[in-house]
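structure_25.pdb follows; it contains PDB, C-alpha atoms.
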ATOM      1  CA  MET A   1     120.822 174.340 200.414
ATOM      2  CA  LEU A   2     123.682 171.886 199.806
ATOM      3  CA  ALA A   3     124.159 171.420 203.540
ATOM      4  CA  GLY A   4     120.442 170.785 203.909
ATOM      5  CA  LEU A   5     120.531 168.153 201.156
ATOM      6  CA  ALA A   6     123.451 166.470 202.910
ATOM      7  CA  VAL A   7     121.499 166.300 206.166
ATOM      8  CA  LEU A   8     118.421 165.032 204.283
ATOM      9  CA  THR A   9     120.504 162.268 202.673
ATOM     10  CA  ALA A  10     121.816 161.206 206.064
ATOM     11  CA  GLY A  11     118.284 161.181 207.458
ATOM     12  CA  LEU A  12     116.940 159.041 204.622
ATOM     13  CA  LEU A  13     119.807 156.584 205.039
ATOM     14  CA  ALA A  14     119.298 156.314 208.778
ATOM     15  CA  PHE A  15     115.498 156.359 208.834
ATOM     16  CA  PRO A  16     114.089 155.143 205.499
ATOM     17  CA  SER A  17     110.947 153.908 207.274
ATOM     18  CA  ALA A  18     110.021 157.551 207.874
ATOM     19  CA  VAL A  19     109.200 157.902 204.170
ATOM     20  CA  PRO A  20     105.502 157.034 203.751
ATOM     21  CA  ASN A  21     104.201 154.374 201.405
ATOM     22  CA  ALA A  22     100.799 155.970 200.904
ATOM     23  CA  VAL A  23     101.536 157.408 197.460
ATOM     24  CA  GLY A  24     103.385 155.266 194.931
ATOM     25  CA  ARG A  25     104.931 153.161 197.702
ATOM     26  CA  VAL A  26     107.921 155.487 197.621
ATOM     27  CA  GLY A  27     109.129 154.191 200.985
ATOM     28  CA  SER A  28     109.488 150.643 199.674
ATOM     29  CA  LEU A  29     111.233 151.929 196.559
ATOM     30  CA  LEU A  30     113.774 153.805 198.689
ATOM     31  CA  GLU A  31     114.384 150.782 200.914
ATOM     32  CA  THR A  32     114.902 148.515 197.897
ATOM     33  CA  PHE A  33     117.788 150.609 196.587
ATOM     34  CA  LEU A  34     118.966 152.133 199.883
ATOM     35  CA  PRO A  35     122.754 151.603 199.481
ATOM     36  CA  TRP A  36     122.683 153.498 196.194
ATOM     37  CA  LEU A  37     121.506 156.629 198.000
ATOM     38  CA  GLY A  38     125.153 157.032 198.937
ATOM     39  CA  LEU A  39     125.821 158.178 195.352
ATOM     40  CA  ALA A  40     124.316 161.503 196.395
ATOM     41  CA  VAL A  41     127.450 162.165 198.466
ATOM     42  CA  PRO A  42     129.997 162.520 195.617
ATOM     43  CA  LEU A  43     127.500 164.621 193.653
ATOM     44  CA  LEU A  44     127.009 166.977 196.580
ATOM     45  CA  PHE A  45     130.755 166.984 197.200
ATOM     46  CA  VAL A  46     131.454 168.248 193.665
ATOM     47  CA  LEU A  47     128.750 170.910 193.987
ATOM     48  CA  ALA A  48     130.149 172.002 197.358
ATOM     49  CA  LEU A  49     133.604 172.389 195.840
ATOM     50  CA  LEU A  50     132.201 174.438 192.954
ATOM     51  CA  ARG A  51     130.372 176.659 195.436
ATOM     52  CA  ARG A  52     133.386 176.706 197.768
ATOM     53  CA  SER A  53     131.016 176.010 200.605
ATOM     54  CA  ALA A  54     132.823 174.920 203.756
ATOM     55  CA  THR A  55     129.457 174.470 205.481
ATOM     56  CA  ALA A  56     128.282 171.976 202.873
ATOM     57  CA  LEU A  57     131.580 170.070 202.997
ATOM     58  CA  VAL A  58     131.335 169.723 206.760
ATOM     59  CA  ALA A  59     127.673 168.686 206.507
ATOM     60  CA  LEU A  60     128.633 165.919 204.062
ATOM     61  CA  LEU A  61     130.501 164.179 206.866
ATOM     62  CA  LEU A  62     127.107 163.197 208.287
ATOM     63  CA  PRO A  63     125.834 161.045 205.342
ATOM     64  CA  VAL A  64     129.348 159.633 204.930
ATOM     65  CA  ALA A  65     129.325 158.508 208.563
ATOM     66  CA  VAL A  66     125.808 157.045 208.323
ATOM     67  CA  TRP A  67     126.533 155.182 205.070
ATOM     68  CA  GLY A  68     129.802 153.911 206.502
ATOM     69  CA  SER A  69     128.132 152.595 209.652
ATOM     70  CA  LEU A  70     125.418 150.831 207.627
ATOM     71  CA  PHE A  71     127.394 149.473 204.697
ATOM     72  CA  GLY A  72     131.082 150.226 205.129
ATOM     73  CA  GLY A  73     131.871 146.916 206.804
ATOM     74  CA  LEU A  74     130.484 145.061 203.787
ATOM     75  CA  LEU A  75     133.381 146.310 201.680
ATOM     76  CA  LEU A  76     135.833 144.284 203.777
ATOM     77  CA  PRO A  77     136.723 140.681 202.872
ATOM     78  CA  ALA A  78     134.312 138.258 204.531
ATOM     79  CA  ASP A  79     135.265 135.059 206.337
ATOM     80  CA  ARG A  80     132.963 132.129 205.583
ATOM     81  CA  GLY A  81     133.275 130.866 209.141
ATOM     82  CA  ALA A  82     132.034 127.549 210.512
ATOM     83  CA  HIS A  83     128.887 126.182 208.887
ATOM     84  CA  ASP A  84     126.976 122.935 208.517
ATOM     85  CA  ILE A  85     125.419 123.268 205.075
ATOM     86  CA  THR A  86     125.548 125.504 202.034
ATOM     87  CA  ALA A  87     122.335 126.430 200.238
ATOM     88  CA  VAL A  88     122.024 127.893 196.746
ATOM     89  CA  GLN A  89     119.062 129.974 195.637
ATOM     90  CA  HIS A  90     118.572 130.731 191.947
ATOM     91  CA  ASN A  91     115.824 132.054 189.729
ATOM     92  CA  VAL A  92     116.925 130.206 186.604
ATOM     93  CA  SER A  93     114.644 132.213 184.223
ATOM     94  CA  ASP A  94     111.923 130.655 182.137
ATOM     95  CA  VAL A  95     113.824 131.626 178.966
ATOM     96  CA  ASN A  96     117.152 130.113 180.042
ATOM     97  CA  ALA A  97     118.707 128.574 176.917
ATOM     98  CA  ASP A  98     121.122 126.308 178.819
ATOM     99  CA  PRO A  99     119.406 124.553 181.761
ATOM    100  CA  ALA A 100     121.982 121.756 181.902
ATOM    101  CA  GLY A 101     124.871 124.223 181.949
ATOM    102  CA  THR A 102     123.129 126.239 184.650
ATOM    103  CA  ALA A 103     122.720 123.118 186.793
ATOM    104  CA  ARG A 104     126.399 122.195 186.366
ATOM    105  CA  ALA A 105     127.437 125.708 187.396
ATOM    106  CA  LEU A 106     125.416 125.428 190.612
ATOM    107  CA  ILE A 107     126.891 122.009 191.422
ATOM    108  CA  GLU A 108     130.390 123.519 191.263
ATOM    109  CA  ALA A 109     129.571 125.536 194.403
ATOM    110  CA  GLU A 110     129.137 122.191 196.236
ATOM    111  CA  PRO A 111     125.923 123.095 198.068
ATOM    112  CA  GLU A 112     123.890 120.565 200.005
ATOM    113  CA  LEU A 113     120.645 122.302 199.092
ATOM    114  CA  VAL A 114     119.529 123.921 195.819
ATOM    115  CA  ALA A 115     116.305 125.879 195.277
ATOM    116  CA  LEU A 116     115.217 126.884 191.780
ATOM    117  CA  GLU A 117     112.417 129.105 190.478
ATOM    118  CA  GLU A 118     110.867 129.658 187.030
ATOM    119  CA  LEU A 119     111.095 125.986 186.123
ATOM    120  CA  THR A 120     109.281 125.289 182.864
ATOM    121  CA  PRO A 121     107.851 121.923 181.742
ATOM    122  CA  SER A 122     110.394 121.717 178.935
ATOM    123  CA  ALA A 123     113.423 122.639 181.064
ATOM    124  CA  LEU A 124     112.547 120.641 184.187
ATOM    125  CA  PRO A 125     113.713 117.248 182.808
ATOM    126  CA  LEU A 126     117.066 118.807 181.875
ATOM    127  CA  TYR A 127     117.580 120.140 185.405
ATOM    128  CA  GLU A 128     116.526 116.810 186.875
ATOM    129  CA  ARG A 129     119.000 114.837 184.769
ATOM    130  CA  ALA A 130     121.868 117.209 185.507
ATOM    131  CA  LEU A 131     121.243 117.319 189.269
ATOM    132  CA  ALA A 132     120.165 113.729 189.935
ATOM    133  CA  ALA A 133     123.608 112.222 190.515
ATOM    134  CA  THR A 134     124.611 114.817 193.105
ATOM    135  CA  TYR A 135     121.222 115.369 194.732
ATOM    136  CA  PRO A 136     119.288 112.128 195.245
ATOM    137  CA  TYR A 137     116.318 113.889 196.840
ATOM    138  CA  ARG A 138     114.151 116.381 195.023
ATOM    139  CA  ALA A 139     110.705 117.955 195.224
ATOM    140  CA  VAL A 140     108.934 120.124 192.640
ATOM    141  CA  GLU A 141     105.685 122.062 192.974
ATOM    142  CA  GLY A 142     104.589 124.144 189.996
ATOM    143  CA  THR A 143     107.491 126.317 188.884
ATOM    144  CA  VAL A 144     109.639 125.950 192.034
ATOM    145  CA  GLY A 145     111.852 123.041 192.988
ATOM    146  CA  LEU A 146     114.202 121.810 195.690
ATOM    147  CA  TRP A 147     117.170 119.449 195.338
ATOM    148  CA  SER A 148     118.894 118.080 198.442
ATOM    149  CA  LYS A 149     121.651 115.752 199.612
ATOM    150  CA  TYR A 150     119.491 115.115 202.682
ATOM    151  CA  PRO A 151     116.191 113.198 202.694
ATOM    152  CA  LEU A 152     113.062 115.239 201.967
ATOM    153  CA  SER A 153     109.623 114.334 203.288
ATOM    154  CA  ASP A 154     106.234 115.890 204.002
ATOM    155  CA  VAL A 155     106.416 117.857 200.754
ATOM    156  CA  ARG A 156     103.430 120.052 200.019
ATOM    157  CA  PRO A 157     102.514 123.064 197.902
ATOM    158  CA  LEU A 158     102.388 126.443 199.571
ATOM    159  CA  ASP A 159      99.459 128.728 198.792
ATOM    160  CA  ILE A 160     100.947 132.185 198.257
ATOM    161  CA  LYS A 161      98.803 133.123 195.256
ATOM    162  CA  PRO A 162      97.341 136.644 195.534
ATOM    163  CA  LYS A 163      93.811 137.426 194.414
ATOM    164  CA  GLY A 164      93.225 138.055 190.731
ATOM    165  CA  ILE A 165      95.771 135.536 189.454
ATOM    166  CA  GLY A 166      94.377 132.628 187.450
ATOM    167  CA  GLU A 167      94.580 128.915 188.104
ATOM    168  CA  GLY A 168      97.828 127.095 187.499
ATOM    169  CA  TRP A 169      99.944 129.681 189.331
ATOM    170  CA  GLN A 170     101.971 127.650 191.844
ATOM    171  CA  ARG A 171     105.143 129.286 193.107
ATOM    172  CA  GLY A 172     105.610 128.018 196.646
ATOM    173  CA  MET A 173     106.417 124.788 198.456
ATOM    174  CA  ARG A 174     107.390 123.424 201.859
ATOM    175  CA  ALA A 175     109.363 120.284 202.718
ATOM    176  CA  ARG A 176     110.897 118.627 205.766
ATOM    177  CA  MET A 177     114.630 117.976 205.451
ATOM    178  CA  GLY A 178     116.354 115.492 207.738
ATOM    179  CA  THR A 179     119.908 116.424 208.805
ATOM    180  CA  LYS A 180     122.384 115.230 211.417
ATOM    181  CA  GLN A 181     121.334 118.189 213.531
ATOM    182  CA  GLY A 182     117.639 117.304 213.255
ATOM    183  CA  ASP A 183     114.727 118.141 210.975
ATOM    184  CA  VAL A 184     114.525 121.460 209.167
ATOM    185  CA  ALA A 185     111.478 122.975 207.457
ATOM    186  CA  VAL A 186     112.564 124.238 204.035
ATOM    187  CA  TYR A 187     110.410 126.754 202.166
ATOM    188  CA  VAL A 188     110.866 127.772 198.539
ATOM    189  CA  ALA A 189     108.944 130.811 197.301
ATOM    190  CA  HIS A 190     108.778 133.049 194.265
ATOM    191  CA  LEU A 191     106.752 136.159 195.028
ATOM    192  CA  PRO A 192     105.053 138.184 192.254
ATOM    193  CA  SER A 193     107.099 140.732 190.369
ATOM    194  CA  VAL A 194     107.019 144.454 191.060
ATOM    195  CA  ARG A 195     107.150 147.324 188.597
ATOM    196  CA  VAL A 196     108.671 150.792 188.802
ATOM    197  CA  GLY A 197     106.910 153.463 186.754
ATOM    198  CA  TRP A 198     105.778 157.059 186.790
ATOM    199  CA  SER A 199     103.094 156.116 189.308
ATOM    200  CA  GLY A 200     105.714 154.752 191.698
ATOM    201  CA  PHE A 201     106.410 151.249 192.973
ATOM    202  CA  THR A 202     103.690 148.743 192.023
ATOM    203  CA  SER A 203     103.972 145.983 194.615
ATOM    204  CA  GLY A 204     100.421 145.185 195.741
ATOM    205  CA  ARG A 205     100.414 141.546 194.632
ATOM    206  CA  ARG A 206     103.947 141.005 195.919
ATOM    207  CA  ASP A 207     102.940 142.390 199.319
ATOM    208  CA  GLU A 208      99.805 140.228 199.425
ATOM    209  CA  SER A 209     101.836 137.138 198.585
ATOM    210  CA  ALA A 210     104.388 138.087 201.252
ATOM    211  CA  GLY A 211     101.552 138.203 203.776
ATOM    212  CA  LEU A 212     100.477 134.671 202.866
ATOM    213  CA  LEU A 213     104.062 133.429 203.101
ATOM    214  CA  GLY A 214     104.474 135.128 206.468
ATOM    215  CA  ALA A 215     101.330 133.424 207.772
ATOM    216  CA  ALA A 216     102.672 130.035 206.681
ATOM    217  CA  LEU A 217     105.974 130.690 208.431
ATOM    218  CA  ALA A 218     104.125 131.742 211.579
ATOM    219  CA  ALA A 219     102.203 128.467 211.571
ATOM    220  CA  GLU A 220     105.316 126.309 211.035
ATOM    221  CA  ARG A 221     105.770 123.862 213.924
ATOM    222  CA  LEU A 222     109.399 122.948 213.356
ATOM    223  CA  ASP A 223     111.851 125.210 215.137
ATOM    224  CA  ARG A 224     114.471 125.293 212.398
ATOM    225  CA  VAL A 225     113.391 126.927 209.153
ATOM    226  CA  ILE A 226     115.256 127.770 205.951
ATOM    227  CA  LEU A 227     113.550 130.023 203.407
ATOM    228  CA  LEU A 228     114.952 130.238 199.901
ATOM    229  CA  GLY A 229     113.385 132.300 197.184
ATOM    230  CA  ASP A 230     113.088 135.163 194.783
ATOM    231  CA  LEU A 231     111.140 137.612 196.940
ATOM    232  CA  ASN A 232     111.334 140.434 194.389
ATOM    233  CA  SER A 233     112.733 142.980 196.813
ATOM    234  CA  THR A 234     115.441 143.449 199.408
ATOM    235  CA  ALA A 235     115.108 142.489 203.044
ATOM    236  CA  ASP A 236     114.958 146.215 203.908
ATOM    237  CA  ASP A 237     111.676 146.702 202.010
ATOM    238  CA  ARG A 238     108.822 147.028 204.507
ATOM    239  CA  GLY A 239     106.610 145.146 202.054
ATOM    240  CA  LEU A 240     108.432 141.989 203.144
ATOM    241  CA  ASP A 241     107.858 142.636 206.862
ATOM    242  CA  PRO A 242     105.368 139.717 207.162
ATOM    243  CA  VAL A 243     108.230 137.439 206.103
ATOM    244  CA  THR A 244     111.282 139.035 207.699
ATOM    245  CA  SER A 245     109.503 139.458 211.044
ATOM    246  CA  ARG A 246     109.049 135.664 211.203
ATOM    247  CA  MET A 247     112.706 134.911 210.535
ATOM    248  CA  ASP A 248     115.913 135.631 212.416
ATOM    249  CA  PRO A 249     117.549 139.014 211.731
ATOM    250  CA  VAL A 250     118.953 139.247 208.227
ATOM    251  CA  GLY A 251     122.418 140.784 207.984
ATOM    252  CA  ARG A 252     123.148 143.456 205.405
ATOM    253  CA  ASP A 253     125.355 142.478 202.488
ATOM    254  CA  PHE A 254     126.193 143.468 198.921
ATOM    255  CA  ALA A 255     125.468 140.111 197.268
ATOM    256  CA  PHE A 256     123.384 141.828 194.593
ATOM    257  CA  SER A 257     121.637 139.244 192.423
ATOM    258  CA  TRP A 258     119.626 141.246 189.864
ATOM    259  CA  PRO A 259     119.905 142.030 187.027
ATOM    260  CA  THR A 260     122.839 139.956 185.830
ATOM    261  CA  ALA A 261     124.114 142.635 183.426
ATOM    262  CA  PHE A 262     124.509 145.202 186.229
ATOM    263  CA  PRO A 263     123.358 143.921 189.648
ATOM    264  CA  VAL A 264     121.835 146.711 191.728
ATOM    265  CA  SER A 265     119.748 144.806 194.270
ATOM    266  CA  ARG A 266     119.577 141.463 196.063
ATOM    267  CA  ILE A 267     116.061 140.176 195.568
ATOM    268  CA  ASP A 268     117.083 136.524 195.960
ATOM    269  CA  HIS A 269     117.284 135.411 199.563
ATOM    270  CA  VAL A 270     118.296 132.698 201.980
ATOM    271  CA  MET A 271     116.741 133.357 205.387
ATOM    272  CA  THR A 272     116.720 131.214 208.503
ATOM    273  CA  ARG A 273     115.032 130.707 211.854
ATOM    274  CA  ALA A 274     116.811 128.928 214.734
ATOM    275  CA  ALA A 275     119.833 128.754 212.418
ATOM    276  CA  THR A 276     122.428 131.280 211.314
ATOM    277  CA  VAL A 277     123.494 132.435 207.869
ATOM    278  CA  THR A 278     127.227 132.938 208.322
ATOM    279  CA  HIS A 279     128.127 134.104 204.818
ATOM    280  CA  VAL A 280     126.327 135.079 201.600
ATOM    281  CA  ARG A 281     127.871 135.462 198.174
ATOM    282  CA  THR A 282     126.910 135.544 194.511
ATOM    283  CA  LEU A 283     128.001 132.844 192.089
ATOM    284  CA  PRO A 284     129.070 133.329 188.455
ATOM    285  CA  ALA A 285     126.367 134.210 185.941
ATOM    286  CA  THR A 286     124.352 131.486 184.240
ATOM    287  CA  GLY A 287     121.802 131.721 181.441
ATOM    288  CA  SER A 288     119.441 133.627 183.757
ATOM    289  CA  ASP A 289     118.828 137.316 184.355
ATOM    290  CA  HIS A 290     119.492 136.617 188.056
ATOM    291  CA  LEU A 291     122.805 135.687 189.662
ATOM    292  CA  PRO A 292     122.753 132.593 191.899
ATOM    293  CA  ILE A 293     123.099 133.221 195.641
ATOM    294  CA  ALA A 294     125.047 130.843 197.904
ATOM    295  CA  ALA A 295     124.648 130.980 201.684
ATOM    296  CA  ASP A 296     126.548 129.096 204.370
ATOM    297  CA  ILE A 297     124.280 128.080 207.251
ATOM    298  CA  ARG A 298     125.092 126.949 210.770
ATOM    299  CA  LEU A 299     122.362 124.764 212.252
ATOM    300  CA  GLN A 300     122.151 125.451 215.962
ATOM    301  CA  PRO A 301     121.510 122.506 218.299
TER     302      PRO A 301
END
Encoded form using structure tokens:
Amino acid sequence: MLAGLAVLTAGLLAFPSAVPNAVGRVGSLLETFLPWLGLAVPLLFVLALLRRSATALVALLLPVAVWGSLFGGLLLPADRGAHDITAVQHNVSDVNADPAGTARALIEAEPELVALEELTPSALPLYERALAATYPYRAVEGTVGLWSKYPLSDVRPLDIKPKGIGEGWQRGMRARMGTKQGDVAVYVAHLPSVRVGWSGFTSGRRDESAGLLGAALAAERLDRVILLGDLNSTADDRGLDPVTSRMDPVGRDFAFSWPTAFPVSRIDHVMTRAATVTHVRTLPATGSDHLPIAADIRLQP
């Protein structure tokens, strides 16, 4: 039995898409927390030792090898490499008690581009004052905003509102950013939250919103695209396929951004098209329940 569980763990790690989403969206739930499935290995190892099962110990080499091939390289120190700009993505939280301090913390990372979500009417002026000197260009639509060292134009709201949500819900925007390498379409999005309960993974509205965002990305005419946002799941979650399929491949990494107290998942993202994310890292905690994410980006000619 222990050997069988070891083989099953390896199979789930290697082929999480084989788990169906029909009931409780269990497949998406597994994909969201996929690296943590490796914790089954030490548990099975202890049980195998207690049972003195050589077969189980040998079988455990399989999930160890699969986990190592998927995530082992992420434990090594990463080189930032050559890049043209740095972008910061941060859900600042609508109950953040220190907006000005949060803005100053993000400036310390010296990004050229900053995307924020959960901006409230009372906190927005504080962010604007703190960021204005460093970022002369800014655009805000609803509860999402973008601050840039490069000129922004053609700013417009992005309709990613799923059915059943009332008026006033505006959590997406698109802007054109002019750089030395040419124009870049910059999208900022905050997809609806998901819930985990006894009935499984509740992600219907998030998935619907992801479909609308994916359609907007498919219709984008500019070649270079940068997407920043709180997508409320990891890039492995098939619920985000409408988005990830429209962007360049997203590398795996351990830059877990949520929750701040004990980060277990990276639901904040910087994705690109016709550009390359060379390095992703988390920044120190602010007054939010999310950690900020910083990504170095190389803009290809």
Selection near A:Glu128, 9 Å with only C-alpha atoms, sequence-local residues under 3 positions removed, as a PyMOL selection string: chain A and resi 100+103+123-125+131-132+138+147
Around all the atoms of stretch 249-255 of chain A listed in the file, with 5 Å of room on each side, what axis-aligned box do you get, giving centre and edge lengths in Å to one decimal, as AutoDock Vina command-line options?
--center_x 121.9 --center_y 141.2 --center_z 204.5 --size_x 18.6 --size_y 14.5 --size_z 24.5
Residue contacts of A:Ala139 (9 Å, all atoms listed in the file) excluding same-chain residues fewer than 2 positions away, as JSON, numbers by chain: {"A": [137, 141, 144, 145, 146, 147, 148, 152, 153, 155, 156, 173, 175]}
Expected answer as an mmCIF file with C-alpha atoms, in the frame of the given file: all residues with atoms within 12 Å of (117.9, 121.9, 196.9), all atoms listed in the file:
data_model
loop_
_atom_site.group_PDB
_atom_site.id
_atom_site.type_symbol
_atom_site.label_atom_id
_atom_site.label_comp_id
_atom_site.auth_asym_id
_atom_site.auth_seq_id
_atom_site.Cartn_x
_atom_site.Cartn_y
_atom_site.Cartn_z
ATOM 1 C CA ILE A 85 125.419 123.268 205.075
ATOM 2 C CA THR A 86 125.548 125.504 202.034
ATOM 3 C CA ALA A 87 122.335 126.430 200.238
ATOM 4 C CA VAL A 88 122.024 127.893 196.746
ATOM 5 C CA GLN A 89 119.062 129.974 195.637
ATOM 6 C CA HIS A 90 118.572 130.731 191.947
ATOM 7 C CA ALA A 103 122.720 123.118 186.793
ATOM 8 C CA LEU A 106 125.416 125.428 190.612
ATOM 9 C CA ILE A 107 126.891 122.009 191.422
ATOM 10 C CA GLU A 110 129.137 122.191 196.236
ATOM 11 C CA PRO A 111 125.923 123.095 198.068
ATOM 12 C CA GLU A 112 123.890 120.565 200.005
ATOM 13 C CA LEU A 113 120.645 122.302 199.092
ATOM 14 C CA VAL A 114 119.529 123.921 195.819
ATOM 15 C CA ALA A 115 116.305 125.879 195.277
ATOM 16 C CA LEU A 116 115.217 126.884 191.780
ATOM 17 C CA GLU A 117 112.417 129.105 190.478
ATOM 18 C CA TYR A 127 117.580 120.140 185.405
ATOM 19 C CA GLU A 128 116.526 116.810 186.875
ATOM 20 C CA LEU A 131 121.243 117.319 189.269
ATOM 21 C CA ALA A 132 120.165 113.729 189.935
ATOM 22 C CA THR A 134 124.611 114.817 193.105
ATOM 23 C CA TYR A 135 121.222 115.369 194.732
ATOM 24 C CA PRO A 136 119.288 112.128 195.245
ATOM 25 C CA TYR A 137 116.318 113.889 196.840
ATOM 26 C CA ARG A 138 114.151 116.381 195.023
ATOM 27 C CA ALA A 139 110.705 117.955 195.224
ATOM 28 C CA VAL A 140 108.934 120.124 192.640
ATOM 29 C CA VAL A 144 109.639 125.950 192.034
ATOM 30 C CA GLY A 145 111.852 123.041 192.988
ATOM 31 C CA LEU A 146 114.202 121.810 195.690
ATOM 32 C CA TRP A 147 117.170 119.449 195.338
ATOM 33 C CA SER A 148 118.894 118.080 198.442
ATOM 34 C CA LYS A 149 121.651 115.752 199.612
ATOM 35 C CA TYR A 150 119.491 115.115 202.682
ATOM 36 C CA PRO A 151 116.191 113.198 202.694
ATOM 37 C CA LEU A 152 113.062 115.239 201.967
ATOM 38 C CA MET A 173 106.417 124.788 198.456
ATOM 39 C CA ARG A 174 107.390 123.424 201.859
ATOM 40 C CA ALA A 175 109.363 120.284 202.718
ATOM 41 C CA ARG A 176 110.897 118.627 205.766
ATOM 42 C CA MET A 177 114.630 117.976 205.451
ATOM 43 C CA VAL A 186 112.564 124.238 204.035
ATOM 44 C CA TYR A 187 110.410 126.754 202.166
ATOM 45 C CA VAL A 188 110.866 127.772 198.539
ATOM 46 C CA ILE A 226 115.256 127.770 205.951
ATOM 47 C CA LEU A 227 113.550 130.023 203.407
ATOM 48 C CA LEU A 228 114.952 130.238 199.901
ATOM 49 C CA GLY A 229 113.385 132.300 197.184
ATOM 50 C CA VAL A 270 118.296 132.698 201.980
ATOM 51 C CA ALA A 294 125.047 130.843 197.904
#
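Straight-line separation from atom CA of A:Leu60 to atom CA of A:Leu76: 22.8 Å.
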Write out as a list in words each polymer residue whose atoms come within 10 Å of A:Lys180, counting only C-alpha atoms; drop sequence neighbours fewer than 2 positions from it. Asp84, Tyr150, Gly178, Gly182, Asp183 and Leu299 of chain A
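If you count all atoms listed in the file and ignore residues fewer than 3 places along the chain from A:Ala274, what sits within 8 Å of it is Asp223, Arg224, Val225, Asp248, Leu299 and Gln300 of chain A.
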I want to know what sits within 9 Å of A:Leu30, based on only C-alpha atoms, with residues of the same chain fewer than 5 positions away left out; could you give that as a ChimeraX atom specification? /A:12,16,19,25,37,237
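Using only C-alpha atoms, every residue with an atom at most 10 Å from the point (102.9, 134.8, 194.4) is listed here: Leu158, Asp159, Ile160, Lys161, Pro162, Lys163, Ile165, Trp169, Gln170, Arg171, Gly172, Ala189, His190, Leu191, Pro192, Ser193, Arg205, Arg206, Asp207, Glu208, Ser209, Ala210, Leu212, Leu213 and Leu231 of chain A.
Residue nearest A:Arg195 within the list A:Val280, A:Ser233, A:Pro99, A:Ala285: A:Ser233 [criterion: smallest interatomic distance, only C-alpha atoms].
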Quick one: distance from atom CA of A:Gly68 to atom CA of A:Phe45 in Å, one decimal?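 If I compute the distance from atom CA of A:Gly68 to atom CA of A:Phe45, I get 16.1 Å.
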Output stretch 93-97 of chain A as a compact mmCIF listing (two decimals), keeping the file's coordinate frame, making sure all heavy atoms are there.
# COMPACT_ATOMS: atom_id res chain seq x y z
N SER A 93 115.27 131.54 185.36
CA SER A 93 114.64 132.21 184.22
C SER A 93 113.93 131.21 183.33
O SER A 93 114.50 130.18 182.95
CB SER A 93 115.66 133.01 183.40
OG SER A 93 115.06 133.55 182.24
N ASP A 94 112.71 131.55 182.99
CA ASP A 94 111.92 130.66 182.14
C ASP A 94 112.33 130.72 180.67
O ASP A 94 111.78 130.01 179.84
CB ASP A 94 110.43 130.95 182.29
CG ASP A 94 110.08 132.40 182.00
OD1 ASP A 94 110.98 133.15 181.56
OD2 ASP A 94 108.92 132.79 182.22
N VAL A 95 113.31 131.58 180.33
CA VAL A 95 113.82 131.63 178.97
C VAL A 95 115.31 131.24 178.94
O VAL A 95 116.02 131.56 177.98
CB VAL A 95 113.62 133.02 178.34
CG1 VAL A 95 112.14 133.30 178.16
CG2 VAL A 95 114.27 134.11 179.17
N ASN A 96 115.76 130.56 179.97
CA ASN A 96 117.15 130.11 180.04
C ASN A 96 117.43 129.12 178.91
O ASN A 96 116.76 128.09 178.79
CB ASN A 96 117.40 129.45 181.40
CG ASN A 96 118.87 129.19 181.67
OD1 ASN A 96 119.64 128.87 180.79
ND2 ASN A 96 119.25 129.34 182.93
N ALA A 97 118.41 129.42 178.07
CA ALA A 97 118.71 128.57 176.92
C ALA A 97 119.63 127.41 177.25
O ALA A 97 119.85 126.54 176.39
CB ALA A 97 119.34 129.43 175.81
